[in-house]
Amino acid sequence: MTAIKKTFNTLIKAEENPLNLKKVMVILTGTAIMSFGLHNIHQQTDITEGGILGLILLINHWFEITPAIISPVLDIICYILAYKTMGKDFIKISVVSTFFSAGFFLLWEQFPPILPDLSGHPLIAAITGGLFVGVGVGLVVKQGGSTGGDDALAMSISKITGCNISFAYLFTDVSVLLLSLSYIPFKHIVYSIITVSISSLSVGFIKDFSLSKLSLTGNDKNVANPKEEY
């Protein structure tokens, strides 16, 4: 335990390290919120997400592989593909958030669903789930990382094809939603589009709020949105 504590203290005190105690705690909170929403709302109501998050739910449904395993595997593949595009600081922060996410998925699976079953109220589920995911992801994004490989994958597609980064994000989200029709009724895909839209708006709101505060204080210039840095 002493060796682990010493290593952790060295990690967060390093001046040039993109991680510090504050960032780690915010990332921990963000991944807890995001994974809680996915487990207690999305997985229980057959409402999915786009991108890597939706792919995690798709693989979990068809192959019954726990998200605690799927999440880090998919994310690491995406991070390897985008290492040169996104920079090592982004990768370091994102890898930490990836393993936090996997740990929380494993934790939530040890308990029955905590929230009421919203299967009979898909619109409420879509809105609530989108807020959970959006707030959780937004907290991590404003620390300069991501909760999954979505950013890495979209940037890789954009670099390889030369397409606009926004189109790359749209392409990955729509592709996963179409694949999700293999187990989710069409009407639930409509609700999934709602939850994707809400989560995206929530991420943007939290990111913009963070940047507006930074513009007044002039502190923590490492905080950035990887989509805008591209």
# chains A, B, ... in the order shown; residues from 1 in each chain; ligands from 1
$ residues_around --residues "Ala152 in chain A" --least-positions-apart "2" --cutoff "12 Å" --atoms "only C-alpha atoms" --output "count of residues only"
40
$ residues_around --residues "range 98-101 of chain A" --least-positions-apart "5" --cutoff "10 Å" --atoms "only C-alpha atoms" --output "compact mmCIF listing (two decimals) with C-alpha atoms, in the first residue's frame"
# COMPACT_ATOMS: atom_id res chain seq x y z
CA VAL A 24 -8.41 12.80 -11.18
CA ILE A 27 -12.65 12.35 -13.98
CA LEU A 28 -13.65 9.87 -11.26
CA THR A 29 -16.95 11.72 -10.77
CA GLY A 30 -17.64 12.00 -14.49
CA THR A 31 -17.05 8.33 -15.24
CA ALA A 32 -19.22 7.34 -12.26
CA ILE A 33 -22.13 9.45 -13.54
CA MET A 34 -21.78 8.28 -17.15
CA SER A 35 -21.49 4.56 -16.33
CA PHE A 36 -24.33 4.80 -13.80
CA PRO A 67 -18.82 -3.56 -20.46
CA ALA A 68 -16.02 -3.72 -17.89
CA ILE A 69 -14.07 -5.70 -20.53
CA SER A 71 -14.97 -0.63 -22.77
CA PRO A 72 -11.18 -0.67 -22.22
CA VAL A 73 -10.54 -2.99 -25.20
CA LEU A 74 -12.39 -0.76 -27.68
CA ASP A 75 -10.98 2.42 -26.20
CA ILE A 76 -7.38 1.23 -26.26
CA LYS A 92 -2.88 9.71 -20.68
CA ILE A 93 -6.02 11.39 -19.33
CA LEU A 106 -17.97 -3.66 -12.75
CA LEU A 107 -19.20 -2.04 -9.53
CA GLY A 145 -9.71 13.79 -22.10
CA SER A 146 -12.64 11.57 -23.01
CA THR A 147 -14.61 8.79 -21.38
CA GLY A 148 -14.19 6.57 -24.41
CA GLY A 149 -12.63 6.12 -27.80
$ closest_atom_pairs --of "range 48-113 of chain A" --to "range 120-135 of chain A" --cutoff "10 Å" --atoms "only C-alpha atoms" --output "CSV"
residue,atom,partner,partner_atom,distance
A:Thr48,CA,A:Ala126,CA,8.9
A:Glu49,CA,A:Gly130,CA,8.6
A:Leu53,CA,A:Val133,CA,9.5
$ closest_atom_pairs --of "range 6-82 of chain A" --to "range 179-200 of chain A" --cutoff "10 Å" --atoms "only C-alpha atoms" --output "Markdown table"
| residue | atom | partner | partner_atom | distance |
| --- | --- | --- | --- | --- |
| A:His42 | CA | A:Ser192 | CA | 9.1 |
| A:Thr45 | CA | A:His188 | CA | 8.8 |
| A:Asp46 | CA | A:Ile184 | CA | 6.2 |
| A:Ile47 | CA | A:Ser192 | CA | 5.3 |
| A:Thr48 | CA | A:Ser192 | CA | 5.4 |
| A:Glu49 | CA | A:Val196 | CA | 5.9 |
| A:Gly50 | CA | A:Val196 | CA | 6.6 |
| A:Gly51 | CA | A:Val196 | CA | 9.6 |
| A:Gly54 | CA | A:Ser180 | CA | 7.9 |
| A:Leu55 | CA | A:Ser180 | CA | 8.2 |
| A:Leu57 | CA | A:Ser180 | CA | 8.8 |
| A:Leu58 | CA | A:Ser180 | CA | 6.3 |
| A:Ile59 | CA | A:Ser180 | CA | 9.7 |
| A:His61 | CA | A:Tyr183 | CA | 7.9 |
| A:Trp62 | CA | A:Tyr183 | CA | 8.3 |
$ write_last_selection --atoms "N, CA and C atoms" --output "compact mmCIF listing (two decimals), in the first residue's frame"
# COMPACT_ATOMS: atom_id res chain seq x y z
N HIS A 42 -29.92 3.04 -19.84
CA HIS A 42 -29.79 2.55 -21.22
C HIS A 42 -29.93 1.03 -21.31
N THR A 45 -33.58 -0.22 -20.57
CA THR A 45 -34.71 0.25 -21.39
C THR A 45 -34.49 0.06 -22.88
N ASP A 46 -33.39 -0.58 -23.28
CA ASP A 46 -33.08 -0.77 -24.70
C ASP A 46 -32.97 0.55 -25.45
N ILE A 47 -32.49 1.57 -24.77
CA ILE A 47 -32.14 2.84 -25.42
C ILE A 47 -30.63 2.89 -25.46
N THR A 48 -30.08 3.15 -26.64
CA THR A 48 -28.65 3.05 -26.80
C THR A 48 -28.02 4.41 -27.07
N GLU A 49 -26.72 4.42 -27.18
CA GLU A 49 -25.95 5.61 -27.53
C GLU A 49 -25.26 5.36 -28.87
N GLY A 50 -24.77 6.43 -29.47
CA GLY A 50 -23.98 6.27 -30.68
C GLY A 50 -22.52 6.04 -30.34
N GLY A 51 -21.69 5.89 -31.37
CA GLY A 51 -20.25 5.77 -31.16
C GLY A 51 -19.86 4.56 -30.34
N GLY A 54 -22.43 3.23 -27.68
CA GLY A 54 -23.46 2.39 -28.26
C GLY A 54 -22.92 1.03 -28.68
N LEU A 55 -21.68 1.02 -29.16
CA LEU A 55 -21.07 -0.25 -29.58
C LEU A 55 -20.85 -1.16 -28.37
N LEU A 57 -22.79 -1.31 -25.73
CA LEU A 57 -24.09 -1.88 -25.43
C LEU A 57 -24.49 -2.94 -26.45
N LEU A 58 -24.14 -2.72 -27.73
CA LEU A 58 -24.45 -3.67 -28.79
C LEU A 58 -23.73 -5.01 -28.55
N ILE A 59 -22.44 -4.94 -28.28
CA ILE A 59 -21.65 -6.15 -28.04
C ILE A 59 -22.12 -6.85 -26.77
N HIS A 61 -25.11 -6.90 -25.58
CA HIS A 61 -26.39 -7.57 -25.83
C HIS A 61 -26.18 -8.88 -26.58
N TRP A 62 -25.40 -8.87 -27.66
CA TRP A 62 -25.29 -10.04 -28.53
C TRP A 62 -24.32 -11.10 -28.01
$ select_by_dssp --residues "range 60-208 of chain A" --states "alpha helix (DSSP H)" --output "number ranges by chain"
A: 60-63, 67-81, 83-86, 88-108, 122-141, 150-161, 165-179, 186-208
$ closest_residue --among "A:Ile41, A:Val26, A:Ile206, A:Leu19" --to "Ile114 in chain A" --atoms "only C-alpha atoms"
A:Ile41
$ atom_distance --atom1 "CA of Gln44 in chain A" --atom2 "CA of Phe111 in chain A"
13.2 Å
